[in-house]
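Visitor: This is the structure, below, for whatever I ask next.
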Amino acid sequence: VSRAENMKIILVFLFISPLALSAKAEKDYSSFDSAASPETKSRFAMLDDVRILANGLLQLGHGLKDFVHKTKGQMNDIFEKLYIYDRSFYELSLQTSEIKEEEEQLRQTTARLQINNEEIKNLSQEMNSKIEDLIQNKIQLQEKVWGLEDKVTKLAIVQPLTYETKEISSLKAFVEQQDNHIKQLLKIVEDQHVQLDRQHNQILELEDKLNHIELQELAEDSFMGEQSEPEATPFPLRNTTAGTYPPDGSARDCTALYNSGTRSSGVYTIKPNGSEAFDVYCEMKFGSSWTVIQNRLDGSLDFNQTWDAYTNGFGDLNEEFWLGLNKTYAITRQGDYILRIELQDWKDNRRHIQYAFRLGGPETRYTLQLSRISGSIPNALPEQTQLRFSTADHNVDIANEFNCPENYLGGWWHSECEETNLNGQYVAPRSRGRLDRRKGLYWKPKKGRYYLLKSTRILIHPTDLKSFD
């Protein structure tokens, strides 16, 4: 607007200037009319003024021409940028539509797989219930058969009666039939287990894609939805003697304390067979009492300790602590025990897993052998494998001669430094680097991502408890 007003002023000036010059010239001419030869002088003065005015107009024209060319170039640049912007916006709209369609398809597929997984889970639970009933029947029948075998042994010299022989044959045939039925059911459960693993992997992959699309900050470090696995048959167990009292009257473990009437969680003194008395933390849950051998809450205690510290134990039993390999072995050598691992991620989701296990003594470097029983998270520890405990200053030979305790901190039953490490460095989710995460508390299934943990707890209980959940 200011430029247009300036143009108007210039045009008015151009029209007024000749008139003013003409008037001045006429006035000058009339004033010098009486003098001698004024005509020649006035004419030359007017020509000079016209030339000056023409030169000014020429310069003004050149300036206006340059201004027009410059404005035209700027407008062309603006039009080109607007075209590029429109084209980019159109491409982004197409990509957004494709992403939304793919996300909707993934959600629908995930919903279908979750429904199938729930149906298979219910079927597996029903099969497990039937198997338990059959196992109980088998045990009862085996007891009857053993009683009959005793009778047969006693009557080895005397000819058995006809009806006793028929009863023995009938019972043996029935036991064989039940054994075959149990084998068929176990085969069905195994097939269901394979199918559940397949469904579980598909759901994990789909949920990883959805989490990537939605850009959730902690999706990589937290547990997904319930991913229960079917019950597995543990390795054969010995008869347990834990849960009773030694002659001096002190309890052998936390379960014995519970059986004697104790109902509050806290620190108590126990005295396992063949061991001195020591303090433990007893957790009252599931209608019994569990002995806690590891507890991590907030990273207040450094778990990067020596072999001697892990052997004897460290920490405060009311806070973070490690009970000690010697004390744990003194308890578990009394009979068969169950190992329960409880995990909590940084979104306060909780999962657990339970194993039948055997712990060796110091002569075996506290070798650990596991067999998964149940749980709500995929397994991350090798089963039926001899795992030896190691620390940075007392390392055992690992595949590729890789020192797991030194590189990942904290003592643990390492195998290939890939499964899990619940005694590692306490790392918060803000540490996004891969190396830092693997130094922390994590649960890593063989096929799956790392679950960075906020708290962990490891408990043990004799195998006489029939139901835990």
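Ligands are numbered from 1 in the order shown, chains are lettered A, B, ... in the order of the structure tokens, and residues start at 1 in each chain.
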Within 7 Å of A:Asn312, counting only C-alpha atoms, which residues show up once you throw out same-chain ones fewer than 4 positions away? Write them as a ChimeraX atom specification, please.

Guide: /A:308,324-326

Visitor: Kindly export the residues of the current selection with C-alpha atoms, as a PDB file, in the first residue's frame.

Guide:
ATOM      1  CA  ASP A 308      32.312 -65.171  49.357  1.00  0.00           C
ATOM      2  CA  GLY A 324      23.342 -66.915  50.627  1.00  0.00           C
ATOM      3  CA  LEU A 325      24.094 -70.103  48.680  1.00  0.00           C
ATOM      4  CA  ASN A 326      25.196 -72.017  51.786  1.00  0.00           C
TER       5      ASN A 326
END

Visitor: So what do you get for atom CA of A:Lys172 versus atom CA of A:Leu186, distance-wise?

Guide: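 Distance reported for this atom pair: 20.9 Å.
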
Visitor: Please report, as a Markdown table, each residue of stretch 236-327 of chain A lying at most 10 Å from stretch 338-341 of chain A, together with the nearest pair of atoms and the separation in Å rounded to one decimal; use only C-alpha atoms, and order rows by chain and ascending residue number.

Guide:
| residue | atom | partner | partner_atom | distance |
| --- | --- | --- | --- | --- |
| A:Trp290 | CA | A:Arg340 | CA | 9.3 |
| A:Thr291 | CA | A:Leu339 | CA | 9.9 |
| A:Val292 | CA | A:Arg340 | CA | 9.4 |
| A:Ile293 | CA | A:Leu339 | CA | 9.8 |
| A:Gln294 | CA | A:Ile341 | CA | 9.3 |

Visitor: Mind giving me the straight-line distance from atom CA of A:Ser169 to atom CA of A:Asp150 in Å, one decimal?

Guide: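 Atom CA of A:Asp150 lies 14.8 Å from atom CA of A:Ser169.
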
Visitor: Please compute the atom CA of A:Leu204-atom CA of A:Arg457 distance, one decimal, in Å.

Guide: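 Calculated distance between atom CA of A:Leu204 and atom CA of A:Arg457 is 25.0 Å.
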
Visitor: Have a look at A:Glu103, A:Asp49, A:Asp179, A:Asp191 and name the one nearest to A:Ile135; count only C-alpha atoms.

Guide: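 Looking only at the distances to A:Ile135, the closest residue turns out to be A:Asp179.
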
Visitor: Counting only C-alpha atoms, what is within 10 Å of A:Asp316, bar same-chain residues fewer than 3 positions away, as a ChimeraX atom specification?

Guide: /A:281,295,301,313,319-323

Visitor: Determine, counting only C-alpha atoms, which protein, DNA and RNA residues have an atom within 8 Å of an atom of A:Ile331; residues of the same chain fewer than 3 positions away are not included. Present the result as number ranges by chain.

Guide: A: 252-253, 272-273, 327-328, 334
